[in-house]
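J.: data_32.cif is reproduced below (mmCIF, C-alpha atoms (C1' of nucleotides)).
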```cif
data_coords
loop_
_atom_site.label_atom_id
_atom_site.label_comp_id
_atom_site.auth_asym_id
_atom_site.auth_seq_id
_atom_site.Cartn_x
_atom_site.Cartn_y
_atom_site.Cartn_z
CA MET U 111 -15.43 -19.74 28.61
CA PRO U 112 -18.02 -19.23 25.89
CA THR U 113 -19.58 -22.26 24.29
CA LYS U 114 -20.76 -20.56 21.11
CA ARG U 115 -21.32 -16.90 20.50
CA LYS U 116 -22.39 -16.25 16.97
CA PRO U 117 -23.10 -18.96 14.42
CA THR U 118 -23.33 -16.61 11.42
CA PRO U 119 -19.83 -17.33 10.03
CA PRO U 120 -19.74 -20.78 11.46
CA ARG U 121 -16.73 -21.71 13.52
CA GLY U 122 -14.26 -20.38 15.99
CA THR U 123 -13.98 -17.48 18.32
CA ALA U 124 -13.99 -13.95 16.99
CA ARG U 125 -10.24 -13.84 17.34
CA GLU U 126 -9.75 -17.02 15.35
CA ARG U 127 -12.09 -15.86 12.64
CA LEU U 128 -10.26 -12.57 12.36
CA ILE U 129 -6.95 -14.35 11.91
CA ALA U 130 -8.48 -16.73 9.38
CA ALA U 131 -9.90 -13.82 7.40
CA ALA U 132 -6.60 -11.96 7.55
CA ASP U 133 -4.81 -15.11 6.46
CA GLU U 134 -6.95 -15.30 3.39
CA LEU U 135 -7.11 -11.65 2.41
CA PHE U 136 -3.62 -10.47 3.30
CA ARG U 137 -2.27 -13.41 1.37
CA ARG U 138 -4.40 -12.94 -1.71
CA ASP U 139 -4.55 -9.16 -2.00
CA GLY U 140 -1.60 -8.00 0.06
CA ILE U 141 -1.48 -6.34 3.44
CA ALA U 142 -1.63 -2.70 2.47
CA ALA U 143 -4.29 -3.38 -0.14
CA THR U 144 -6.61 -5.03 2.37
CA PRO U 145 -8.57 -2.55 4.47
CA VAL U 146 -9.37 -3.66 7.98
CA ASP U 147 -13.07 -3.35 7.25
CA ARG U 148 -12.82 -6.03 4.61
CA ALA U 149 -11.09 -8.44 6.97
CA VAL U 150 -13.62 -7.59 9.63
CA GLY U 151 -16.48 -8.22 7.23
CA ARG U 152 -14.97 -11.49 6.06
CA ALA U 153 -14.67 -12.62 9.67
CA GLY U 154 -18.25 -11.60 10.33
CA VAL U 155 -17.41 -9.51 13.36
CA ALA U 156 -17.77 -5.86 14.28
CA THR U 157 -14.98 -3.42 13.59
CA MET U 158 -14.51 -2.76 17.28
CA THR U 159 -13.90 -6.44 17.93
CA LEU U 160 -10.65 -6.15 16.02
CA TYR U 161 -9.51 -3.46 18.40
CA HIS U 162 -10.57 -5.48 21.40
CA HIS U 163 -8.30 -8.35 20.39
CA PHE U 164 -5.38 -6.61 18.70
CA SER U 165 -3.52 -3.37 18.96
CA GLY U 166 -4.83 -2.46 15.53
CA LYS U 167 -4.09 -3.51 11.98
CA ASP U 168 -0.40 -3.96 12.81
CA GLY U 169 -1.30 -6.36 15.58
CA LEU U 170 -3.44 -8.37 13.22
CA VAL U 171 -0.58 -8.52 10.74
CA VAL U 172 1.70 -9.89 13.44
CA ALA U 173 -0.87 -12.51 14.44
CA TYR U 174 -1.35 -13.43 10.79
CA LEU U 175 2.36 -14.03 10.26
CA GLU U 176 2.68 -15.98 13.50
CA HIS U 177 -0.19 -18.16 12.42
CA ARG U 178 1.49 -18.78 9.06
CA HIS U 179 4.74 -19.61 10.77
CA GLU U 180 3.12 -22.18 13.02
CA ARG U 181 1.26 -23.86 10.19
CA TRP U 182 4.34 -24.00 8.01
CA THR U 183 6.52 -25.36 10.78
CA ARG U 184 4.00 -28.11 11.49
CA ASN U 185 3.65 -28.97 7.81
CA TRP U 186 7.38 -29.19 7.32
CA ALA U 187 7.96 -31.26 10.47
CA GLU U 188 5.50 -33.85 9.20
CA ARG U 189 7.47 -34.21 6.00
CA THR U 190 10.74 -34.45 7.85
CA ASP U 191 9.40 -37.17 10.09
CA ALA U 192 8.04 -39.10 7.13
CA ALA U 193 11.42 -39.05 5.37
CA GLU U 194 13.71 -41.99 6.03
CA SER U 195 17.20 -41.24 4.80
CA THR U 196 19.30 -38.36 6.06
CA MET U 197 19.30 -36.93 2.55
CA ASP U 198 15.53 -37.06 2.30
CA LYS U 199 15.17 -35.37 5.65
CA ALA U 200 17.49 -32.59 4.51
CA LEU U 201 15.46 -32.19 1.33
CA SER U 202 12.08 -32.49 3.06
CA VAL U 203 11.66 -28.71 2.96
CA PHE U 204 11.04 -29.00 -0.77
CA ASP U 205 8.53 -31.79 -0.34
CA ALA U 206 6.71 -29.67 2.20
CA LEU U 207 6.79 -26.75 -0.20
CA ARG U 208 5.43 -28.84 -3.02
CA ALA U 209 2.57 -30.10 -0.89
CA TRP U 210 1.91 -26.53 0.20
CA ALA U 211 1.90 -25.38 -3.42
CA ASP U 212 -0.28 -28.22 -4.64
CA SER U 213 -2.86 -27.40 -2.00
CA GLY U 214 -3.15 -23.93 -3.51
CA GLU U 215 -1.60 -22.18 -0.54
CA VAL U 216 1.22 -20.65 -2.49
CA GLU U 217 -0.25 -19.11 -5.59
CA ARG U 218 1.41 -15.96 -4.48
CA GLY U 219 4.69 -17.16 -3.06
CA CYS U 220 5.74 -16.81 0.51
CA ALA U 221 3.82 -14.73 3.01
CA PHE U 222 7.04 -13.66 4.69
CA VAL U 223 8.77 -12.57 1.52
CA ASP U 224 5.69 -10.63 0.51
CA ALA U 225 5.47 -9.01 3.91
CA ALA U 226 9.17 -8.18 3.85
CA ALA U 227 8.78 -6.55 0.46
CA GLU U 228 5.67 -4.65 1.48
CA LEU U 229 6.68 -3.44 4.93
CA THR U 230 9.61 -1.22 4.08
CA ASP U 231 9.77 0.14 7.60
CA ARG U 232 12.03 -2.22 9.52
CA GLU U 233 10.56 -0.93 12.76
CA HIS U 234 7.24 -2.48 11.91
CA PRO U 235 6.46 -5.13 14.53
CA ALA U 236 5.97 -7.73 11.81
CA TRP U 237 9.69 -7.66 11.06
CA ALA U 238 10.39 -9.47 14.31
CA VAL U 239 8.22 -12.35 13.08
CA ILE U 240 9.82 -12.32 9.65
CA ASN U 241 13.29 -12.47 11.16
CA ARG U 242 12.33 -15.23 13.53
CA HIS U 243 10.78 -17.28 10.74
CA LYS U 244 13.84 -17.09 8.53
CA ALA U 245 16.23 -17.67 11.42
CA GLU U 246 14.40 -20.82 12.49
CA LEU U 247 14.33 -22.01 8.90
CA LEU U 248 18.07 -21.59 8.63
CA ALA U 249 18.75 -23.21 11.98
CA ARG U 250 16.63 -26.25 11.17
CA LEU U 251 18.17 -26.64 7.74
CA SER U 252 21.68 -26.40 9.17
CA GLU U 253 20.73 -29.06 11.69
CA LEU U 254 19.28 -31.37 9.04
CA THR U 255 22.12 -30.94 6.58
CA GLY U 256 24.78 -31.11 9.25
CA SER U 257 26.50 -27.86 8.44
CA ALA U 258 25.76 -24.16 8.51
CA GLU U 259 27.07 -23.72 5.01
CA ALA U 260 25.00 -26.51 3.53
CA GLY U 261 21.95 -25.21 5.37
CA GLU U 262 22.50 -21.78 3.94
CA ARG U 263 22.79 -23.07 0.40
CA VAL U 264 19.67 -25.18 0.68
CA LEU U 265 17.89 -22.12 2.07
CA LEU U 266 18.97 -20.10 -0.96
CA LEU U 267 17.45 -22.70 -3.26
CA TYR U 268 14.30 -22.85 -1.18
CA GLU U 269 13.88 -19.10 -1.41
CA GLY U 270 14.60 -19.14 -5.11
CA ALA U 271 11.77 -21.63 -5.46
CA LEU U 272 9.50 -19.28 -3.53
CA ILE U 273 10.19 -16.51 -6.02
CA GLY U 274 9.54 -18.94 -8.81
CA LEU U 275 6.14 -19.63 -7.32
CA LEU U 276 5.45 -15.92 -6.85
CA ILE U 277 6.33 -14.84 -10.36
CA GLY U 278 5.46 -18.05 -12.13
CA HIS U 279 8.17 -17.81 -14.72
CA LEU U 280 9.48 -21.33 -14.18
CA ASP U 281 7.86 -24.63 -14.98
CA ASP U 282 8.73 -26.53 -11.85
CA PRO U 283 10.73 -24.36 -9.47
CA VAL U 284 10.33 -26.71 -6.53
CA GLY U 285 11.49 -29.77 -8.41
CA GLN U 286 14.49 -27.97 -9.90
CA ALA U 287 15.43 -26.50 -6.55
CA ARG U 288 15.22 -29.91 -4.91
CA ALA U 289 17.41 -31.48 -7.55
CA ALA U 290 19.95 -28.70 -7.31
CA ALA U 291 19.97 -28.98 -3.53
CA GLN U 292 20.67 -32.68 -3.78
CA THR U 293 23.65 -31.95 -5.99
CA VAL U 294 24.93 -29.40 -3.52
CA LEU U 295 24.55 -31.77 -0.59
CA GLU U 296 26.22 -34.66 -2.37
CA ARG U 297 29.16 -32.46 -3.18
CA ALA U 298 29.31 -31.29 0.43
CA GLN U 299 29.59 -34.80 1.86
CA HIS U 300 31.98 -36.18 -0.75
CA GLN U 301 34.45 -33.66 0.40
CA MET D 112 14.27 20.88 -28.26
CA PRO D 113 14.85 22.67 -24.97
CA THR D 114 18.39 23.53 -23.99
CA LYS D 115 17.76 23.98 -20.29
CA ARG D 116 14.48 24.70 -18.60
CA LYS D 117 14.86 24.76 -14.86
CA PRO D 118 18.16 24.59 -13.04
CA THR D 119 16.65 24.17 -9.57
CA PRO D 120 17.13 20.36 -9.30
CA PRO D 121 20.12 20.37 -11.54
CA ARG D 122 20.11 17.93 -14.41
CA GLY D 123 17.96 16.29 -16.97
CA THR D 124 14.57 16.83 -18.47
CA ALA D 125 11.47 16.78 -16.34
CA ARG D 126 10.77 13.26 -17.50
CA GLU D 127 14.22 12.02 -16.54
CA ARG D 128 14.06 13.67 -13.17
CA LEU D 129 10.70 12.08 -12.49
CA ILE D 130 12.05 8.64 -13.27
CA ALA D 131 15.13 9.27 -11.15
CA ALA D 132 12.98 10.37 -8.23
CA ALA D 133 10.70 7.37 -8.65
CA ASP D 134 13.72 5.11 -8.83
CA GLU D 135 14.91 6.38 -5.50
CA LEU D 136 11.63 6.58 -3.61
CA PHE D 137 9.81 3.54 -4.95
CA ARG D 138 12.89 1.51 -4.19
CA ARG D 139 13.44 2.81 -0.69
CA ASP D 140 9.88 3.16 0.58
CA GLY D 141 7.89 0.94 -1.74
CA ILE D 142 5.50 1.82 -4.52
CA ALA D 143 2.24 2.01 -2.64
CA ALA D 144 3.85 3.86 0.24
CA THR D 145 5.19 6.60 -2.02
CA PRO D 146 2.59 9.22 -2.90
CA VAL D 147 2.97 10.80 -6.32
CA ASP D 148 3.35 14.20 -4.70
CA ARG D 149 6.50 13.08 -2.95
CA ALA D 150 8.06 11.83 -6.17
CA VAL D 151 6.98 15.02 -7.88
CA GLY D 152 8.53 17.11 -5.13
CA ARG D 153 11.74 15.09 -5.21
CA ALA D 154 11.97 15.63 -8.94
CA GLY D 155 11.35 19.34 -8.50
CA VAL D 156 8.53 19.48 -11.01
CA ALA D 157 4.87 20.35 -10.85
CA THR D 158 2.28 17.68 -10.23
CA MET D 159 0.73 18.22 -13.62
CA THR D 160 4.04 17.51 -15.32
CA LEU D 161 3.74 13.90 -14.19
CA TYR D 162 0.44 13.61 -16.01
CA HIS D 163 1.87 15.24 -19.11
CA HIS D 164 4.53 12.57 -19.40
CA PHE D 165 2.84 9.47 -18.03
CA SER D 166 -0.60 7.99 -17.89
CA GLY D 167 -0.53 8.44 -14.13
CA LYS D 168 1.18 6.73 -11.24
CA ASP D 169 0.93 3.37 -12.97
CA GLY D 170 2.74 4.75 -15.97
CA LEU D 171 5.50 6.05 -13.77
CA VAL D 172 5.82 2.65 -12.13
CA VAL D 173 6.22 1.02 -15.53
CA ALA D 174 8.87 3.55 -16.56
CA TYR D 175 10.64 3.01 -13.25
CA LEU D 176 10.84 -0.74 -13.75
CA GLU D 177 11.93 -0.38 -17.35
CA HIS D 178 14.67 1.94 -16.24
CA ARG D 179 15.80 -0.58 -13.62
CA HIS D 180 15.76 -3.34 -16.18
CA GLU D 181 17.97 -1.42 -18.57
CA ARG D 182 20.48 -0.47 -15.91
CA TRP D 183 20.69 -4.01 -14.60
CA THR D 184 21.06 -5.52 -18.04
CA ARG D 185 23.91 -3.13 -18.84
CA ASN D 186 25.61 -3.78 -15.52
CA TRP D 187 25.42 -7.53 -15.96
CA ALA D 188 26.63 -7.45 -19.57
CA GLU D 189 29.74 -5.58 -18.48
CA ARG D 190 30.56 -8.34 -16.00
CA THR D 191 29.91 -11.05 -18.54
CA ASP D 192 32.20 -9.40 -21.05
CA ALA D 193 34.92 -8.99 -18.44
CA ALA D 194 34.83 -12.71 -17.55
CA GLU D 195 37.18 -14.96 -19.43
CA SER D 196 36.26 -18.58 -18.89
CA THR D 197 32.91 -20.06 -19.81
CA MET D 198 32.34 -20.85 -16.17
CA ASP D 199 33.03 -17.28 -15.09
CA LYS D 200 30.68 -15.95 -17.73
CA ALA D 201 27.96 -18.27 -16.48
CA LEU D 202 28.57 -17.08 -12.92
CA SER D 203 28.91 -13.41 -13.85
CA VAL D 204 25.37 -12.74 -12.72
CA PHE D 205 26.58 -13.11 -9.13
CA ASP D 206 29.50 -10.79 -9.68
CA ALA D 207 27.14 -8.22 -11.11
CA LEU D 208 24.86 -8.68 -8.13
CA ARG D 209 27.71 -8.26 -5.70
CA ALA D 210 28.83 -5.04 -7.38
CA TRP D 211 25.22 -3.87 -7.35
CA ALA D 212 24.94 -4.69 -3.65
CA ASP D 213 28.26 -3.10 -2.73
CA SER D 214 27.22 0.12 -4.42
CA GLY D 215 24.26 0.26 -2.05
CA GLU D 216 21.67 -0.33 -4.75
CA VAL D 217 20.26 -3.44 -3.17
CA GLU D 218 19.70 -2.68 0.47
CA ARG D 219 16.19 -3.75 -0.15
CA GLY D 220 16.56 -6.64 -2.53
CA CYS D 221 15.27 -6.71 -6.05
CA ALA D 222 12.96 -4.06 -7.44
CA PHE D 223 11.11 -6.66 -9.48
CA VAL D 224 10.53 -9.04 -6.61
CA ASP D 225 9.32 -6.18 -4.47
CA ALA D 226 7.01 -4.98 -7.21
CA ALA D 227 5.72 -8.51 -7.78
CA ALA D 228 4.96 -8.85 -4.08
CA GLU D 229 3.32 -5.46 -3.86
CA LEU D 230 1.24 -5.46 -7.04
CA THR D 231 -1.11 -8.33 -6.35
CA ASP D 232 -3.24 -7.48 -9.34
CA ARG D 233 -1.70 -9.35 -12.26
CA GLU D 234 -3.48 -7.02 -14.65
CA HIS D 235 -1.35 -4.15 -13.47
CA PRO D 236 0.72 -2.91 -16.43
CA ALA D 237 3.91 -3.35 -14.41
CA TRP D 238 3.51 -7.12 -14.53
CA ALA D 239 4.42 -7.11 -18.20
CA VAL D 240 7.77 -5.55 -17.29
CA ILE D 241 8.29 -7.97 -14.42
CA ASN D 242 7.63 -10.95 -16.66
CA ARG D 243 9.87 -9.63 -19.38
CA HIS D 244 12.69 -9.01 -16.92
CA LYS D 245 12.62 -12.50 -15.49
CA ALA D 246 12.17 -14.12 -18.90
CA GLU D 247 15.22 -12.31 -20.29
CA LEU D 248 17.19 -13.26 -17.19
CA LEU D 249 16.33 -16.92 -17.67
CA ALA D 250 17.04 -16.84 -21.40
CA ARG D 251 20.44 -15.24 -20.93
CA LEU D 252 21.39 -17.64 -18.14
CA SER D 253 20.35 -20.63 -20.23
CA GLU D 254 22.47 -19.28 -23.06
CA LEU D 255 25.50 -18.74 -20.84
CA THR D 256 25.26 -22.08 -19.06
CA GLY D 257 24.46 -23.97 -22.21
CA SER D 258 21.25 -25.60 -21.02
CA ALA D 259 17.77 -24.56 -19.98
CA GLU D 260 17.97 -26.69 -16.88
CA ALA D 261 21.28 -25.28 -15.72
CA GLY D 262 20.03 -21.76 -16.43
CA GLU D 263 16.97 -22.40 -14.34
CA ARG D 264 19.00 -23.68 -11.41
CA VAL D 265 21.37 -20.75 -11.49
CA LEU D 266 18.36 -18.45 -11.62
CA LEU D 267 16.96 -20.11 -8.50
CA LEU D 268 20.21 -19.44 -6.66
CA TYR D 269 20.30 -15.87 -7.93
CA GLU D 270 16.80 -15.23 -6.66
CA GLY D 271 17.59 -16.88 -3.36
CA ALA D 272 20.46 -14.43 -3.01
CA LEU D 273 18.06 -11.57 -3.71
CA ILE D 274 15.86 -12.67 -0.84
CA GLY D 275 18.94 -12.94 1.33
CA LEU D 276 19.73 -9.32 0.52
CA LEU D 277 16.15 -8.25 1.17
CA ILE D 278 15.78 -9.92 4.55
CA GLY D 279 19.40 -9.77 5.59
CA HIS D 280 19.37 -13.05 7.49
CA LEU D 281 22.46 -14.43 5.77
CA ASP D 282 26.06 -13.34 6.05
CA ASP D 283 27.05 -13.52 2.42
CA PRO D 284 24.14 -14.66 0.29
CA VAL D 285 25.78 -13.70 -2.98
CA GLY D 286 29.01 -15.56 -2.27
CA GLN D 287 27.20 -18.67 -1.08
CA ALA D 288 24.88 -18.61 -4.07
CA ARG D 289 27.82 -18.26 -6.43
CA ALA D 290 29.64 -21.17 -4.84
CA ALA D 291 26.54 -23.36 -4.94
CA ALA D 292 25.96 -22.42 -8.58
CA GLN D 293 29.48 -23.45 -9.43
CA THR D 294 28.87 -26.84 -7.85
CA VAL D 295 25.67 -27.24 -9.80
CA LEU D 296 27.35 -26.31 -13.09
CA GLU D 297 30.31 -28.61 -12.52
CA ARG D 298 27.97 -31.49 -11.88
CA ALA D 299 25.99 -30.60 -14.99
CA GLN D 300 29.00 -30.79 -17.28
CA HIS D 301 30.59 -33.89 -15.73
CA GLN D 302 27.52 -35.77 -16.69
"C1'" DA H 224 5.55 40.04 -32.65
"C1'" DT H 225 3.18 35.91 -32.52
"C1'" DC H 226 2.58 31.13 -31.88
"C1'" DC H 227 3.32 26.85 -29.84
"C1'" DT H 228 5.11 23.79 -26.67
"C1'" DC H 229 6.49 22.68 -22.21
"C1'" DC H 230 6.13 23.53 -17.69
"C1'" DT H 231 4.35 25.89 -13.26
"C1'" DA H 232 1.36 26.89 -9.33
"C1'" DT H 233 -2.62 26.22 -6.64
"C1'" DA H 234 -6.75 24.51 -5.46
"C1'" DA H 235 -10.20 21.37 -5.52
"C1'" DC H 236 -12.85 16.81 -6.07
"C1'" DG H 237 -13.99 12.35 -4.72
"C1'" DC H 238 -12.70 8.61 -2.48
"C1'" DC H 239 -10.68 5.43 0.94
"C1'" DC H 240 -8.60 4.14 5.33
"C1'" DG H 241 -7.29 3.32 10.38
"C1'" DT H 242 -9.04 4.43 14.44
"C1'" DT H 243 -12.23 5.86 18.03
"C1'" DC H 244 -16.74 7.07 20.38
"C1'" DT H 245 -21.12 5.93 22.15
"C1'" DA H 246 -24.69 3.21 23.37
"C1'" DC H 247 -26.45 -1.19 23.36
"C1'" DT H 248 -27.16 -6.58 23.78
"C1'" DA H 249 -26.87 -11.35 25.05
"C1'" DG H 250 -25.08 -15.01 27.36
"C1'" DA H 251 -22.14 -17.06 31.33
"C1'" DA H 252 -20.85 -16.90 36.12
"C1'" DC H 253 -22.14 -16.34 40.59
"C1'" DG G 109 -31.40 -11.70 39.35
"C1'" DT G 110 -27.40 -9.20 39.15
"C1'" DT G 111 -22.88 -8.66 37.34
"C1'" DC G 112 -19.38 -9.28 34.10
"C1'" DT G 113 -17.56 -10.24 29.80
"C1'" DA G 114 -17.39 -10.21 24.95
"C1'" DG G 115 -19.30 -8.67 21.24
"C1'" DT G 116 -22.42 -5.51 18.17
"C1'" DA G 117 -23.91 -1.55 15.33
"C1'" DG G 118 -23.36 2.73 13.29
"C1'" DA G 119 -21.51 6.94 12.87
"C1'" DA G 120 -17.85 10.08 12.90
"C1'" DC G 121 -13.03 12.07 12.83
"C1'" DG G 122 -8.82 13.23 10.81
"C1'" DG G 123 -5.91 12.45 7.38
"C1'" DG G 124 -4.02 10.99 2.89
"C1'" DC G 125 -4.10 9.93 -1.98
"C1'" DG G 126 -4.64 9.93 -7.25
"C1'" DT G 127 -6.35 12.80 -10.35
"C1'" DT G 128 -8.16 16.84 -12.69
"C1'" DA G 129 -9.25 21.79 -13.66
"C1'" DT G 130 -7.89 26.43 -14.28
"C1'" DA G 131 -4.97 29.94 -15.49
"C1'" DG G 132 -0.73 31.52 -16.45
"C1'" DG G 133 4.49 32.06 -17.62
"C1'" DA G 134 8.89 31.40 -20.24
"C1'" DG G 135 11.53 30.32 -24.47
"C1'" DG G 136 12.52 28.90 -28.88
"C1'" DA G 137 10.67 28.88 -33.71
"C1'" DT G 138 8.66 31.32 -37.43
#
```
Transcribe the structure of this file into structure tokens.

T.:
Amino acid sequence: MPTKRKPTPPRGTARERLIAAADELFRRDGIAATPVDRAVGRAGVATMTLYHHFSGKDGLVVAYLEHRHERWTRNWAERTDAAESTMDKALSVFDALRAWADSGEVERGCAFVDAAAELTDREHPAWAVINRHKAELLARLSELTGSAEAGERVLLLYEGALIGLLIGHLDDPVGQARAAAQTVLERAQHQ
Amino acid sequence: MPTKRKPTPPRGTARERLIAAADELFRRDGIAATPVDRAVGRAGVATMTLYHHFSGKDGLVVAYLEHRHERWTRNWAERTDAAESTMDKALSVFDALRAWADSGEVERGCAFVDAAAELTDREHPAWAVINRHKAELLARLSELTGSAEAGERVLLLYEGALIGLLIGHLDDPVGQARAAAQTVLERAQHQ
DNA sequence: ATCCTCCTATAACGCCCGTTCTACTAGAAC
DNA sequence: GTTCTAGTAGAACGGGCGTTATAGGAGGAT
């Protein structure tokens, strides 16, 4: 167990710094457009260190997406817990998204949508993470809304909001999506 | 005016064949992952021909997106014209999308979303086409639904359906989005 | 017949990228 | 103090890509 190895780029193990650098660069510039050397330089480690910790660039991409998934899941769960009514819990995904967006994390939309668009080869190991992320999202939304159909429709609005954030052609995609979702849910329970 | 130059890859001018090849390859494999030589080979023209007709790969990307935009606009307009009620006209974007998807054009979602995710540099000339496409989409939807807000909400559902088609984690994203949009529009007019 | 335009064919240039090799270093564990 | 682990540094390999240069051919227009 190492106490501290290299204080140059201050905190964390080499592995953590690599993931943090990938998180920043893959998100901002895209996966294909980010050479491993740039991520390695940003993390302040040697090139070989990447290959000691991951299978290669693909492995780093997988770790990056898993890291995103964990952070997002945690962020969303906090919002769900903070909500009081059943309706607010079902809509908490939009509150989490707004907080995410306000913190500047989403200038470029959703990491998983971007990755899905970029990695056209479905055999790429990252697709397993993408599929898992979206499946868990749908499962949780179905649970919170009380029906698979309602969960699916809220998910559609959530993903529409993500595109709105990516392209930036709408004033307030998250607010509009939340309002539309509320309408959809009210209709679902009045019936 | 040439009558016919080269019958090897049967039809169209060199320019048209280049765009057709780009349309196929950029869509299937992604823009960055498609080398110009492959598009050139698919079109059955010489490499230099690409540079006679376009400013380079970027120019071909722009032409590719413009071509997509025109085809989509035509396809959608046909569905709108075929619809009878105001409601069906407002929802015709989903019928157009379903026809598009059934014809196998959308195995990988929306060309504009993919391009937006891939081209992280907003200065890329393709972004002008992306912005124009989404702006026209929103304007037409607002016109058909009768309000900017309703248009925006239908657009969110449309884009959610696109992501559903890209990732393939939903059974029937287009049908669910259409049904949710109908709910949203009914609520909008009862109020 | 000559010109002009469009297109072809091939090769090359310069650059970037993912990965690997080799040899080395510094601290922790024992 | 020796051993082990994790990391470092730098160079190199093999391959791919966008673009350009050169030289030439084929067909309609005049």

J.: Using all atoms listed in the file for the distances, tell me which of G:DA137, G:DG132, G:DA119, G:DG109 is nearest to chain D.

T.: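 Closest candidate: G:DA137.
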
J.: To test your reading of the syntax: which residues would the PyMOL selection byres ((chain U) within 6 of (chain D)) return for the file shown? Reply as a list in words.

T.: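 On the file shown, the PyMOL selection byres ((chain U) within 6 of (chain D)) covers Asp139, Asp224, Ala227, Glu228, Thr230, Leu266, Leu267, Glu269 and Gly270 of chain U.
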
J.: Find the nearest atom pair between each residue of chain H and chain D for residues within 10 Å, count all atoms listed in the file, give distances in Å to one decimal, sort rows by chain and ascending number, and present the table as a tab-separated table.

T.:
```
residue	atom	partner	partner_atom	distance
H:DT228	C1'	D:Met112	CA	9.7
H:DC229	C1'	D:Pro113	CA	8.8
H:DC230	C1'	D:Thr160	CA	6.8
H:DT231	C1'	D:Ala157	CA	6.1
H:DA232	C1'	D:Ala157	CA	7.6
```

J.: Residues of chain G no more than 10 Å from chain D, counting only C-alpha atoms (C1' of nucleotides): send them over as a ChimeraX atom specification.

T.: /G:124-128,134-136

J.: In Å, how far is it from atom CA of Gly154 of chain U to atom CA of Arg127 of chain U?

T.: 7.8 Å

J.: Show which residues sit within 10 Å of Leu175 of chain U, as a ChimeraX atom specification. Count only C-alpha atoms (C1' of nucleotides), and ignore same-chain residues fewer than 4 positions away.

T.: /U:129,132-133,136,170-171,179-181,221-222,225,236-237,239-240,243

J.: Written as a count of residues only, which residues does the PyMOL selection byres ((chain H and resi 234) around 12) give for the file shown?

T.: 8

J.: Expressed in Å to a single decimal, how great is the separation between atom CA of Arg125 of chain U and atom C1' of DT113 of chain G?

T.: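 A separation of 14.9 Å between them.
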
J.: Atom CA of Ala131 of chain U and atom C1' of DC247 of chain H, how far apart in Å?

T.: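 Atom CA of Ala131 of chain U lies at a distance of 26.2 Å from atom C1' of DC247 of chain H.
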
J.: Around all the atoms of segment 116-120 of chain G listed in the file, draw an axis-aligned box and extend it by 8 Å on each of the six sides; I want its centre and edge lengths in Å to one decimal, as lines of an AutoDock Vina configuration file.

T.:
```
center_x = -20.9
center_y = 2.3
center_z = 15.5
size_x = 22.1
size_y = 31.6
size_z = 21.3
```
